[in-house]
file upload.cif (mmCIF, C-alpha atoms and all ligand atoms)
data_entry
loop_
_atom_site.group_PDB
_atom_site.id
_atom_site.type_symbol
_atom_site.label_atom_id
_atom_site.label_comp_id
_atom_site.auth_asym_id
_atom_site.auth_seq_id
_atom_site.Cartn_x
_atom_site.Cartn_y
_atom_site.Cartn_z
ATOM 1 C CA MET S 1 0.000 0.000 0.000
ATOM 2 C CA ILE S 2 1.091 3.552 -0.730
ATOM 3 C CA LEU S 3 0.989 6.066 2.126
ATOM 4 C CA THR S 4 0.402 9.801 1.639
ATOM 5 C CA VAL S 5 1.143 12.318 4.380
ATOM 6 C CA THR S 6 -0.610 15.686 4.595
ATOM 7 C CA LEU S 7 0.487 17.611 7.672
ATOM 8 C CA ASN S 8 -1.357 20.684 6.435
ATOM 9 C CA PRO S 9 -4.661 19.626 4.871
ATOM 10 C CA ALA S 10 -7.100 22.248 3.659
ATOM 11 C CA VAL S 11 -10.629 22.857 2.590
ATOM 12 C CA ASP S 12 -10.086 24.243 -0.902
ATOM 13 C CA ARG S 13 -12.722 26.865 -1.489
ATOM 14 C CA ILE S 14 -12.911 27.566 -5.227
ATOM 15 C CA ILE S 15 -14.559 30.948 -5.909
ATOM 16 C CA LEU S 16 -15.605 31.941 -9.432
ATOM 17 C CA LEU S 17 -16.293 35.583 -10.296
ATOM 18 C CA ASP S 18 -16.059 37.724 -13.415
ATOM 19 C CA GLU S 19 -13.103 39.868 -12.349
ATOM 20 C CA LEU S 20 -11.794 40.633 -8.852
ATOM 21 C CA LYS S 21 -12.164 44.310 -7.999
ATOM 22 C CA LEU S 22 -9.795 44.963 -5.115
ATOM 23 C CA GLY S 23 -11.153 47.292 -2.470
ATOM 24 C CA SER S 24 -14.686 46.877 -3.801
ATOM 25 C CA LEU S 25 -17.703 44.634 -3.295
ATOM 26 C CA ASN S 26 -17.449 41.504 -5.458
ATOM 27 C CA ARG S 27 -20.458 39.251 -6.134
ATOM 28 C CA VAL S 28 -19.386 35.602 -6.416
ATOM 29 C CA LYS S 29 -20.828 33.514 -9.304
ATOM 30 C CA GLU S 30 -19.997 30.061 -7.909
ATOM 31 C CA VAL S 31 -18.399 28.497 -4.821
ATOM 32 C CA HIS S 32 -17.119 24.919 -4.588
ATOM 33 C CA ASP S 33 -15.560 23.354 -1.479
ATOM 34 C CA LEU S 34 -13.127 20.451 -1.965
ATOM 35 C CA ALA S 35 -10.950 18.337 0.291
ATOM 36 C CA GLY S 36 -7.461 19.664 -0.323
ATOM 37 C CA GLY S 37 -3.870 19.664 0.660
ATOM 38 C CA LYS S 38 -1.303 18.035 -1.591
ATOM 39 C CA GLY S 39 -1.083 14.590 -0.014
ATOM 40 C CA ILE S 40 -4.874 14.313 0.108
ATOM 41 C CA ASN S 41 -5.125 15.214 -3.585
ATOM 42 C CA VAL S 42 -2.467 12.591 -4.338
ATOM 43 C CA ALA S 43 -4.447 9.954 -2.398
ATOM 44 C CA GLU S 44 -7.598 10.839 -4.368
ATOM 45 C CA VAL S 45 -5.783 10.396 -7.684
ATOM 46 C CA LEU S 46 -4.190 7.109 -6.589
ATOM 47 C CA THR S 47 -7.617 5.803 -5.539
ATOM 48 C CA LYS S 48 -8.971 6.811 -8.961
ATOM 49 C CA LEU S 49 -6.063 4.939 -10.573
ATOM 50 C CA GLY S 50 -7.056 1.837 -8.620
ATOM 51 C CA GLU S 51 -4.080 1.831 -6.278
ATOM 52 C CA ASP S 52 -4.115 0.673 -2.653
ATOM 53 C CA VAL S 53 -3.476 3.948 -0.818
ATOM 54 C CA ILE S 54 -4.214 5.460 2.581
ATOM 55 C CA ALA S 55 -4.157 9.167 3.409
ATOM 56 C CA LEU S 56 -2.410 9.949 6.684
ATOM 57 C CA GLY S 57 -2.052 13.353 8.292
ATOM 58 C CA ILE S 58 -3.449 15.702 10.908
ATOM 59 C CA VAL S 59 -6.918 17.266 10.612
ATOM 60 C CA GLY S 60 -9.166 19.091 13.043
ATOM 61 C CA GLY S 61 -12.398 20.965 13.621
ATOM 62 C CA ASN S 62 -15.265 21.430 11.205
ATOM 63 C CA ASN S 63 -12.887 21.704 8.258
ATOM 64 C CA GLY S 64 -11.249 18.426 9.306
ATOM 65 C CA ARG S 65 -14.650 16.746 9.508
ATOM 66 C CA PHE S 66 -15.522 18.126 6.064
ATOM 67 C CA ILE S 67 -12.255 16.802 4.585
ATOM 68 C CA ASN S 68 -12.691 13.383 6.190
ATOM 69 C CA GLY S 69 -16.324 13.232 5.036
ATOM 70 C CA ILE S 70 -15.413 14.002 1.411
ATOM 71 C CA LEU S 71 -12.743 11.285 1.413
ATOM 72 C CA GLU S 72 -15.209 8.783 2.887
ATOM 73 C CA LYS S 73 -17.774 9.731 0.200
ATOM 74 C CA ASN S 74 -15.124 9.301 -2.524
ATOM 75 C CA LYS S 75 -13.984 5.996 -0.975
ATOM 76 C CA VAL S 76 -10.483 7.312 -0.296
ATOM 77 C CA ARG S 77 -9.060 5.493 2.723
ATOM 78 C CA ALA S 78 -7.786 7.811 5.467
ATOM 79 C CA ASP S 79 -6.524 7.461 9.025
ATOM 80 C CA PHE S 80 -5.967 10.945 10.418
ATOM 81 C CA ILE S 81 -4.792 12.233 13.770
ATOM 82 C CA TRP S 82 -7.394 14.664 15.111
ATOM 83 C CA SER S 83 -6.137 18.033 16.338
ATOM 84 C CA GLU S 84 -7.866 20.569 18.569
ATOM 85 C CA TYR S 85 -7.170 23.141 15.859
ATOM 86 C CA ASN S 86 -9.454 23.647 12.868
ATOM 87 C CA SER S 87 -7.823 22.604 9.584
ATOM 88 C CA ARG S 88 -7.167 25.570 7.332
ATOM 89 C CA GLN S 89 -9.086 26.846 4.321
ATOM 90 C CA ASN S 90 -7.354 27.749 1.051
ATOM 91 C CA LEU S 91 -8.967 30.087 -1.415
ATOM 92 C CA LYS S 92 -8.662 29.727 -5.157
ATOM 93 C CA ILE S 93 -10.136 32.771 -6.851
ATOM 94 C CA LYS S 94 -10.871 32.132 -10.520
ATOM 95 C CA GLU S 95 -11.648 35.250 -12.563
ATOM 96 C CA THR S 96 -13.516 33.965 -15.602
ATOM 97 C CA GLU S 97 -13.496 37.243 -17.586
ATOM 98 C CA VAL S 98 -9.702 37.598 -17.452
ATOM 99 C CA ASN S 99 -8.853 33.869 -17.129
ATOM 100 C CA ARG S 100 -6.733 34.394 -14.000
ATOM 101 C CA GLU S 101 -6.378 32.271 -10.846
ATOM 102 C CA THR S 102 -5.195 33.537 -7.487
ATOM 103 C CA GLU S 103 -4.438 31.215 -4.584
ATOM 104 C CA ILE S 104 -4.667 32.471 -0.997
ATOM 105 C CA ASN S 105 -3.446 29.661 1.252
ATOM 106 C CA GLU S 106 -3.781 29.947 5.023
ATOM 107 C CA THR S 107 -0.834 28.855 7.181
ATOM 108 C CA GLY S 108 -2.625 26.201 9.241
ATOM 109 C CA ILE S 109 -1.656 25.232 12.793
ATOM 110 C CA ILE S 110 -1.299 22.016 14.782
ATOM 111 C CA ASP S 111 -0.135 21.148 18.277
ATOM 112 C CA PRO S 112 3.333 19.577 18.727
ATOM 113 C CA GLU S 113 1.552 16.707 20.557
ATOM 114 C CA ASP S 114 -0.472 16.065 17.382
ATOM 115 C CA LEU S 115 2.797 15.546 15.510
ATOM 116 C CA GLN S 116 4.043 13.080 18.133
ATOM 117 C CA SER S 117 0.830 11.027 17.845
ATOM 118 C CA PHE S 118 1.107 11.211 14.043
ATOM 119 C CA THR S 119 4.702 9.920 14.072
ATOM 120 C CA VAL S 120 3.731 6.941 16.276
ATOM 121 C CA LYS S 121 0.940 6.069 13.823
ATOM 122 C CA LEU S 122 3.210 6.497 10.790
ATOM 123 C CA LYS S 123 5.841 4.126 12.227
ATOM 124 C CA LYS S 124 3.169 1.424 12.545
ATOM 125 C CA TYR S 125 2.117 1.874 8.894
ATOM 126 C CA LEU S 126 5.728 1.902 7.656
ATOM 127 C CA LYS S 127 6.294 -1.617 8.938
ATOM 128 C CA LYS S 128 4.153 -2.963 6.083
ATOM 129 C CA ASN S 129 3.982 -0.167 3.491
ATOM 130 C CA LYS S 130 7.027 0.746 1.493
ATOM 131 C CA ILE S 131 6.149 3.874 -0.494
ATOM 132 C CA LEU S 132 5.632 7.102 1.437
ATOM 133 C CA ILE S 133 4.592 10.390 -0.163
ATOM 134 C CA LEU S 134 5.375 13.585 1.787
ATOM 135 C CA SER S 135 3.568 16.444 0.155
ATOM 136 C CA GLY S 136 2.728 20.085 0.727
ATOM 137 C CA SER S 137 3.461 22.934 3.087
ATOM 138 C CA LEU S 138 3.863 22.730 6.868
ATOM 139 C CA PRO S 139 1.519 24.319 9.411
ATOM 140 C CA ASP S 140 2.605 26.379 12.408
ATOM 141 C CA GLY S 141 3.602 24.045 15.238
ATOM 142 C CA VAL S 142 5.951 22.036 13.019
ATOM 143 C CA THR S 143 9.656 22.733 12.477
ATOM 144 C CA ASP S 144 11.122 22.881 8.960
ATOM 145 C CA ASN S 145 13.166 19.703 9.491
ATOM 146 C CA ILE S 146 10.080 17.468 9.895
ATOM 147 C CA TYR S 147 10.271 16.045 6.371
ATOM 148 C CA ALA S 148 13.947 15.179 6.960
ATOM 149 C CA GLU S 149 12.949 13.408 10.204
ATOM 150 C CA LEU S 150 10.137 11.447 8.508
ATOM 151 C CA ILE S 151 12.457 10.485 5.623
ATOM 152 C CA LYS S 152 14.964 9.068 8.136
ATOM 153 C CA ILE S 153 12.166 7.065 9.817
ATOM 154 C CA ALA S 154 11.106 5.746 6.390
ATOM 155 C CA ALA S 155 14.706 4.746 5.604
ATOM 156 C CA GLU S 156 14.859 2.763 8.892
ATOM 157 C CA ASN S 157 11.845 0.833 7.554
ATOM 158 C CA ASP S 158 13.301 0.371 4.033
ATOM 159 C CA SER S 159 10.562 2.583 2.601
ATOM 160 C CA LYS S 160 11.016 4.797 -0.454
ATOM 161 C CA VAL S 161 9.975 8.424 -0.051
ATOM 162 C CA ILE S 162 8.577 10.777 -2.680
ATOM 163 C CA LEU S 163 8.977 14.391 -1.505
ATOM 164 C CA ASP S 164 6.968 17.233 -3.051
ATOM 165 C CA SER S 165 7.281 20.453 -1.120
ATOM 166 C CA SER S 166 9.006 23.839 -1.336
ATOM 167 C CA GLY S 167 11.181 26.269 0.598
ATOM 168 C CA ASP S 168 13.155 25.232 3.684
ATOM 169 C CA PRO S 169 11.058 22.109 4.424
ATOM 170 C CA PHE S 170 11.946 20.893 0.905
ATOM 171 C CA SER S 171 15.636 21.795 0.992
ATOM 172 C CA GLU S 172 16.068 20.336 4.492
ATOM 173 C CA GLY S 173 14.128 17.226 3.412
ATOM 174 C CA ILE S 174 16.463 16.715 0.447
ATOM 175 C CA GLU S 175 19.449 16.442 2.805
ATOM 176 C CA ALA S 176 17.840 13.243 4.182
ATOM 177 C CA LYS S 177 17.975 11.686 0.687
ATOM 178 C CA PRO S 178 14.361 10.911 -0.312
ATOM 179 C CA TYR S 179 14.191 8.446 -3.225
ATOM 180 C CA LEU S 180 12.292 10.742 -5.619
ATOM 181 C CA VAL S 181 11.600 14.490 -5.625
ATOM 182 C CA LYS S 182 9.223 16.447 -7.857
ATOM 183 C CA PRO S 183 10.125 20.116 -7.815
ATOM 184 C CA ASN S 184 8.648 22.570 -10.277
ATOM 185 C CA LEU S 185 11.097 24.773 -12.156
ATOM 186 C CA GLU S 186 11.011 27.611 -9.604
ATOM 187 C CA GLU S 187 11.600 25.207 -6.703
ATOM 188 C CA LEU S 188 14.531 23.617 -8.583
ATOM 189 C CA GLU S 189 16.065 27.047 -9.295
ATOM 190 C CA ASN S 190 15.676 27.963 -5.610
ATOM 191 C CA LEU S 191 17.404 24.718 -4.575
ATOM 192 C CA THR S 192 20.386 25.179 -6.887
ATOM 193 C CA GLY S 193 20.500 28.987 -6.772
ATOM 194 C CA LYS S 194 20.749 29.030 -10.569
ATOM 195 C CA LYS S 195 18.353 30.050 -13.351
ATOM 196 C CA ILE S 196 17.298 27.092 -15.561
ATOM 197 C CA LYS S 197 16.708 27.947 -19.189
ATOM 198 C CA THR S 198 18.139 25.084 -21.273
ATOM 199 C CA ASN S 199 18.237 21.290 -21.184
ATOM 200 C CA HIS S 200 21.886 21.647 -20.154
ATOM 201 C CA ASP S 201 20.799 23.737 -17.137
ATOM 202 C CA LEU S 202 18.203 21.050 -16.297
ATOM 203 C CA ILE S 203 20.863 18.318 -16.458
ATOM 204 C CA GLU S 204 23.208 20.314 -14.229
ATOM 205 C CA ALA S 205 20.429 20.993 -11.689
ATOM 206 C CA SER S 206 19.281 17.362 -11.571
ATOM 207 C CA ASP S 207 22.875 16.153 -11.216
ATOM 208 C CA TYR S 208 23.206 18.536 -8.259
ATOM 209 C CA LEU S 209 20.387 16.576 -6.564
ATOM 210 C CA ILE S 210 21.631 13.161 -7.755
ATOM 211 C CA ASN S 211 25.014 13.935 -6.198
ATOM 212 C CA LYS S 212 23.127 14.536 -2.924
ATOM 213 C CA GLY S 213 21.784 10.982 -3.097
ATOM 214 C CA ILE S 214 18.385 11.568 -4.708
ATOM 215 C CA LYS S 215 17.642 8.672 -7.095
ATOM 216 C CA ILE S 216 14.951 10.207 -9.329
ATOM 217 C CA ILE S 217 14.086 13.826 -10.086
ATOM 218 C CA MET S 218 10.881 14.669 -11.942
ATOM 219 C CA VAL S 219 10.469 18.298 -12.915
ATOM 220 C CA SER S 220 7.112 19.643 -14.026
ATOM 221 C CA LEU S 221 7.594 22.366 -16.639
ATOM 222 C CA GLY S 222 3.921 23.301 -17.041
ATOM 223 C CA ALA S 223 2.954 23.815 -20.663
ATOM 224 C CA LYS S 224 6.584 23.173 -21.645
ATOM 225 C CA GLY S 225 6.236 19.549 -20.594
ATOM 226 C CA SER S 226 8.351 17.725 -18.064
ATOM 227 C CA TYR S 227 11.690 16.091 -17.388
ATOM 228 C CA ILE S 228 12.846 13.039 -15.512
ATOM 229 C CA ALA S 229 16.391 12.174 -14.455
ATOM 230 C CA SER S 230 18.324 9.450 -12.692
ATOM 231 C CA GLU S 231 22.070 8.853 -12.526
ATOM 232 C CA LYS S 232 21.957 6.715 -15.674
ATOM 233 C CA GLU S 233 19.159 8.217 -17.788
ATOM 234 C CA ILE S 234 17.531 11.569 -18.510
ATOM 235 C CA TYR S 235 14.433 12.223 -20.634
ATOM 236 C CA ARG S 236 12.649 15.422 -21.636
ATOM 237 C CA PHE S 237 8.940 15.076 -22.480
ATOM 238 C CA TYR S 238 7.070 17.457 -24.759
ATOM 239 C CA THR S 239 3.371 17.065 -23.971
ATOM 240 C CA PRO S 240 0.596 18.106 -26.397
ATOM 241 C CA SER S 241 -0.822 21.551 -25.693
ATOM 242 C CA VAL S 242 -4.313 21.321 -24.232
ATOM 243 C CA LYS S 243 -6.954 23.930 -23.408
ATOM 244 C CA VAL S 244 -7.113 24.309 -19.621
ATOM 245 C CA GLY S 245 -10.387 22.630 -18.631
ATOM 246 C CA GLN S 246 -10.738 24.137 -15.189
ATOM 247 C CA THR S 247 -7.397 24.767 -13.535
ATOM 248 C CA THR S 248 -3.745 23.837 -13.533
ATOM 249 C CA VAL S 249 -3.738 23.921 -9.726
ATOM 250 C CA GLY S 250 -3.374 20.337 -8.573
ATOM 251 C CA ALA S 251 -1.662 19.044 -11.732
ATOM 252 C CA GLY S 252 1.522 18.539 -9.720
ATOM 253 C CA ASP S 253 -0.382 16.333 -7.274
ATOM 254 C CA THR S 254 -1.629 14.127 -10.115
ATOM 255 C CA MET S 255 1.957 13.842 -11.383
ATOM 256 C CA VAL S 256 3.121 12.703 -7.925
ATOM 257 C CA ALA S 257 0.343 10.112 -7.761
ATOM 258 C CA ALA S 258 1.292 8.727 -11.182
ATOM 259 C CA LEU S 259 4.983 8.569 -10.199
ATOM 260 C CA ALA S 260 4.074 6.638 -7.032
ATOM 261 C CA LYS S 261 1.957 4.169 -9.012
ATOM 262 C CA LYS S 262 4.801 3.497 -11.455
ATOM 263 C CA LEU S 263 7.366 3.321 -8.639
ATOM 264 C CA ASN S 264 5.151 0.749 -6.947
ATOM 265 C CA GLU S 265 5.102 -1.238 -10.210
ATOM 266 C CA GLU S 266 8.903 -0.927 -10.494
ATOM 267 C CA ALA S 267 8.467 0.637 -13.946
ATOM 268 C CA VAL S 268 11.486 1.876 -15.908
ATOM 269 C CA LEU S 269 12.321 5.580 -15.746
ATOM 270 C CA LYS S 270 11.021 6.470 -19.227
ATOM 271 C CA GLU S 271 7.642 4.846 -18.523
ATOM 272 C CA MET S 272 7.400 6.656 -15.170
ATOM 273 C CA GLY S 273 8.010 9.956 -16.917
ATOM 274 C CA ILE S 274 5.610 9.409 -19.807
ATOM 275 C CA PHE S 275 2.753 8.121 -17.624
ATOM 276 C CA SER S 276 3.035 10.915 -15.040
ATOM 277 C CA SER S 277 3.268 13.562 -17.775
ATOM 278 C CA ALA S 278 0.180 12.113 -19.478
ATOM 279 C CA ILE S 279 -1.817 12.028 -16.223
ATOM 280 C CA ALA S 280 -0.937 15.635 -15.354
ATOM 281 C CA THR S 281 -1.867 16.766 -18.878
ATOM 282 C CA ALA S 282 -5.145 14.810 -18.664
ATOM 283 C CA TYR S 283 -5.937 16.584 -15.382
ATOM 284 C CA VAL S 284 -5.286 20.015 -16.919
ATOM 285 C CA LYS S 285 -7.443 19.098 -19.934
ATOM 286 C CA THR S 286 -10.376 17.640 -17.979
ATOM 287 C CA GLY S 287 -10.154 19.849 -14.894
ATOM 288 C CA LYS S 288 -10.926 17.091 -12.443
ATOM 289 C CA VAL S 289 -9.561 13.774 -11.300
ATOM 290 C CA SER S 290 -12.918 12.015 -11.793
ATOM 291 C CA ALA S 291 -12.827 12.752 -15.548
ATOM 292 C CA ILE S 292 -9.434 11.118 -16.122
ATOM 293 C CA ASN S 293 -9.863 7.790 -17.928
ATOM 294 C CA GLU S 294 -7.731 5.310 -19.865
ATOM 295 C CA GLU S 295 -8.890 6.644 -23.247
ATOM 296 C CA ILE S 296 -7.781 10.219 -22.459
ATOM 297 C CA ILE S 297 -4.471 8.964 -21.037
ATOM 298 C CA ARG S 298 -3.849 6.786 -24.141
ATOM 299 C CA LYS S 299 -4.605 9.643 -26.579
ATOM 300 C CA ILE S 300 -2.290 12.044 -24.714
ATOM 301 C CA THR S 301 0.447 9.416 -24.362
ATOM 302 C CA GLU S 302 0.470 8.875 -28.142
ATOM 303 C CA LYS S 303 1.194 12.603 -28.650
ATOM 304 C CA ILE S 304 4.024 12.918 -26.116
ATOM 305 C CA LYS S 305 7.390 13.520 -27.796
ATOM 306 C CA VAL S 306 10.381 12.030 -25.944
ATOM 307 C CA GLU S 307 13.929 13.421 -26.087
ATOM 308 C CA LYS S 308 16.633 11.211 -24.522
ATOM 309 C CA LEU S 309 19.243 13.481 -22.945
ATOM 310 C CA ARG S 310 21.375 10.795 -21.240
HETATM 311 O O1 LIG J 401 -1.841 21.520 -5.490
HETATM 312 C C1 LIG J 401 -3.137 21.913 -5.118
HETATM 313 C C2 LIG J 401 -3.186 21.988 -3.610
HETATM 314 O O2 LIG J 401 -2.926 20.748 -3.013
HETATM 315 C C3 LIG J 401 -4.521 22.511 -3.152
HETATM 316 O O3 LIG J 401 -5.245 21.489 -2.556
HETATM 317 C C4 LIG J 401 -4.171 23.630 -2.163
HETATM 318 O O4 LIG J 401 -4.740 23.334 -0.923
HETATM 319 C C5 LIG J 401 -2.663 23.710 -2.139
HETATM 320 O O5 LIG J 401 -2.173 22.856 -3.166
HETATM 321 C C6 LIG J 401 -2.041 23.282 -0.850
HETATM 322 O O6 LIG J 401 -0.652 23.465 -1.043
HETATM 323 P P1 LIG J 401 0.288 23.902 0.185
HETATM 324 O O7 LIG J 401 1.623 24.078 -0.470
HETATM 325 O O8 LIG J 401 -0.311 25.166 0.751
HETATM 326 O O9 LIG J 401 0.226 22.751 1.171
#
call {"tool": "encode", "arguments": {"input": "upload.cif", "output": "structure tokens"}}
result
Amino acid sequence: MILTVTLNPAVDRIILLDELKLGSLNRVKEVHDLAGGKGINVAEVLTKLGEDVIALGIVGGNNGRFINGILEKNKVRADFIWSEYNSRQNLKIKETEVNRETEINETGIIDPEDLQSFTVKLKKYLKKNKILILSGSLPDGVTDNIYAELIKIAAENDSKVILDSSGDPFSEGIEAKPYLVKPNLEELENLTGKKIKTNHDLIEASDYLINKGIKIIMVSLGAKGSYIASEKEIYRFYTPSVKVGQTTVGAGDTMVAALAKKLNEEAVLKEMGIFSSAIATAYVKTGKVSAINEEIIRKITEKIKVEKLR
């Protein structure tokens, strides 16, 4: 079974309006509330892909009950630690007239005791489950080295970790040598301190991480496709351009889910890269996980151009 960890889950409140007028009264056209937070989104995609997965993390309050209820309704297995604090709410403001999306993500907060209870539970799950996905930001109440600590615990249990985060939690996590990381371009530039404009820059940046002990790096390049690297092989994928169905927010989570599925199947690097690129493109095209099906994935896969760089 694959484990996902969301230390900072969220109710994603999607607000649609014509155009946001700052400092004025805005009448909302539509509101949708979703269970969110990166690891939770990954668990939803893995469930849709038919994988055995369980969403772990720390939730609380009415927002926590909402998140847990949505997962139950969508038959996504979860086993959360319950905090006294209400889980956060993240806003996604979609301006339909100007085709713009703004994310306003709350910080979130948990109690240090919640983290201790979570770690005890995680250790029990790691005895039998060997793929662990650590995904998303950290709430207040958690230090930036938590991902590094959880990666060390996973290593003691011979579990492979996929890390998808940003900032200090991500850079500190990388020092603990997770098996696979999935930075976007900006996160990769922040890690290496260098601008990335060419395939050569991408190779240099991924080798920087490989030399730190990371086995696989998958970089999402948005509309420019994606890139996957290991010590032995590197591929660049050029995905077909698609009209954005609803949003690009969450495409990275679908890519992580697809990588975990292929890692679990012990697929070769090229297949991991093609499948995860196709899934992320399918998500952008359809706008929701529930609309992704084998036919869409097959059609997109056929149009992906592959460039072998090593
Ligand atoms: O990628 C989409 C998403 O998981 C949304 O659910 C939204 O809640 C956000 O990302 C959370 O990301 P963060 O980095 O704030 O944990």
call {"tool": "resolve_selection", "arguments": {"input": "upload.cif", "expression": "the PyMOL selection byres (((not hetatm)) within 9 of (chain J and resi 401))", "output": "PyMOL selection string"}}
result
chain S and resi 6-13+34-42+88-92+103-108+135-139+165-166+248-254
call {"tool": "resolve_selection", "arguments": {"input": "upload.cif", "expression": "the PyMOL selection byres (((chain S and resi 95-101) around 7) and not hetatm)", "output": "PDB file with C-alpha atoms, in the coordinates of the input"}}
result
ATOM      1  CA  LEU S  16     -15.605  31.941  -9.432  1.00  0.00           C
ATOM      2  CA  LEU S  17     -16.293  35.583 -10.296  1.00  0.00           C
ATOM      3  CA  ASP S  18     -16.059  37.724 -13.415  1.00  0.00           C
ATOM      4  CA  GLU S  19     -13.103  39.868 -12.349  1.00  0.00           C
ATOM      5  CA  LEU S  20     -11.794  40.633  -8.852  1.00  0.00           C
ATOM      6  CA  LYS S  92      -8.662  29.727  -5.157  1.00  0.00           C
ATOM      7  CA  ILE S  93     -10.136  32.771  -6.851  1.00  0.00           C
ATOM      8  CA  LYS S  94     -10.871  32.132 -10.520  1.00  0.00           C
ATOM      9  CA  THR S 102      -5.195  33.537  -7.487  1.00  0.00           C
ATOM     10  CA  GLU S 103      -4.438  31.215  -4.584  1.00  0.00           C
TER      11      GLU S 103
END
call {"tool": "residues_around", "arguments": {"input": "upload.cif", "residues": "region 217-225 of chain S", "least_positions_apart": "2", "cutoff": "7 Å", "atoms": "all atoms listed in the file", "output": "ChimeraX atom specification"}}
result
/S:180-185,206,215,227-230,237-239,241
call {"tool": "resolve_selection", "arguments": {"input": "upload.cif", "expression": "the PyMOL selection byres (((chain S and resi 157) around 12) and not hetatm)", "output": "PyMOL selection string"}}
result
chain S and resi 122-132+150-156+158-161
call {"tool": "atom_distance", "arguments": {"input": "upload.cif", "atom1": "CA of Pro240 (chain S)", "atom2": "CA of Lys303 (chain S)"}}
result
6.0 Å
call {"tool": "atom_distance", "arguments": {"input": "upload.cif", "atom1": "CA of Gly60 (chain S)", "atom2": "CA of Lys73 (chain S)"}}
result
18.1 Å
call {"tool": "decode", "arguments": {"input": "upload.cif", "residues": "region 172-185 of chain S", "atoms": "N, CA, C and O atoms", "output": "tab-separated table (two decimals), in the first residue's frame"}}
result
chain	number	residue	atom	x	y	z
S	172	GLU	N	15.59	21.14	3.35
S	172	GLU	CA	16.07	20.34	4.49
S	172	GLU	C	15.71	18.86	4.29
S	172	GLU	O	16.48	17.97	4.63
S	173	GLY	N	14.53	18.61	3.67
S	173	GLY	CA	14.13	17.23	3.41
S	173	GLY	C	15.09	16.55	2.46
S	173	GLY	O	15.46	15.38	2.62
S	174	ILE	N	15.56	17.28	1.46
S	174	ILE	CA	16.46	16.72	0.45
S	174	ILE	C	17.76	16.21	1.07
S	174	ILE	O	18.33	15.20	0.66
S	175	GLU	N	18.20	16.87	2.13
S	175	GLU	CA	19.45	16.44	2.81
S	175	GLU	C	19.31	15.05	3.40
S	175	GLU	O	20.29	14.35	3.64
S	176	ALA	N	18.07	14.59	3.61
S	176	ALA	CA	17.84	13.24	4.18
S	176	ALA	C	17.70	12.18	3.08
S	176	ALA	O	17.40	11.03	3.35
S	177	LYS	N	17.92	12.59	1.83
S	177	LYS	CA	17.97	11.69	0.69
S	177	LYS	C	16.67	10.92	0.39
S	177	LYS	O	16.66	9.68	0.41
S	178	PRO	N	15.56	11.63	0.15
S	178	PRO	CA	14.36	10.91	-0.31
S	178	PRO	C	14.65	10.24	-1.65
S	178	PRO	O	15.58	10.65	-2.37
S	179	TYR	N	13.90	9.21	-2.01
S	179	TYR	CA	14.19	8.45	-3.23
S	179	TYR	C	13.90	9.26	-4.48
S	179	TYR	O	14.64	9.27	-5.45
S	180	LEU	N	12.75	10.01	-4.44
S	180	LEU	CA	12.29	10.74	-5.62
S	180	LEU	C	11.79	12.12	-5.15
S	180	LEU	O	11.09	12.22	-4.14
S	181	VAL	N	12.15	13.15	-5.92
S	181	VAL	CA	11.60	14.49	-5.62
S	181	VAL	C	10.97	15.05	-6.90
S	181	VAL	O	11.39	14.71	-8.01
S	182	LYS	N	9.92	15.87	-6.71
S	182	LYS	CA	9.22	16.45	-7.86
S	182	LYS	C	9.07	17.95	-7.69
S	182	LYS	O	8.00	18.47	-7.42
S	183	PRO	N	10.22	18.66	-7.89
S	183	PRO	CA	10.13	20.12	-7.82
S	183	PRO	C	9.54	20.69	-9.10
S	183	PRO	O	9.63	20.04	-10.15
S	184	ASN	N	8.92	21.87	-9.03
S	184	ASN	CA	8.65	22.57	-10.28
S	184	ASN	C	9.90	23.39	-10.58
S	184	ASN	O	10.87	23.39	-9.81
S	185	LEU	N	9.88	24.10	-11.70
S	185	LEU	CA	11.10	24.77	-12.16
S	185	LEU	C	11.58	25.79	-11.12
S	185	LEU	O	12.77	25.84	-10.78
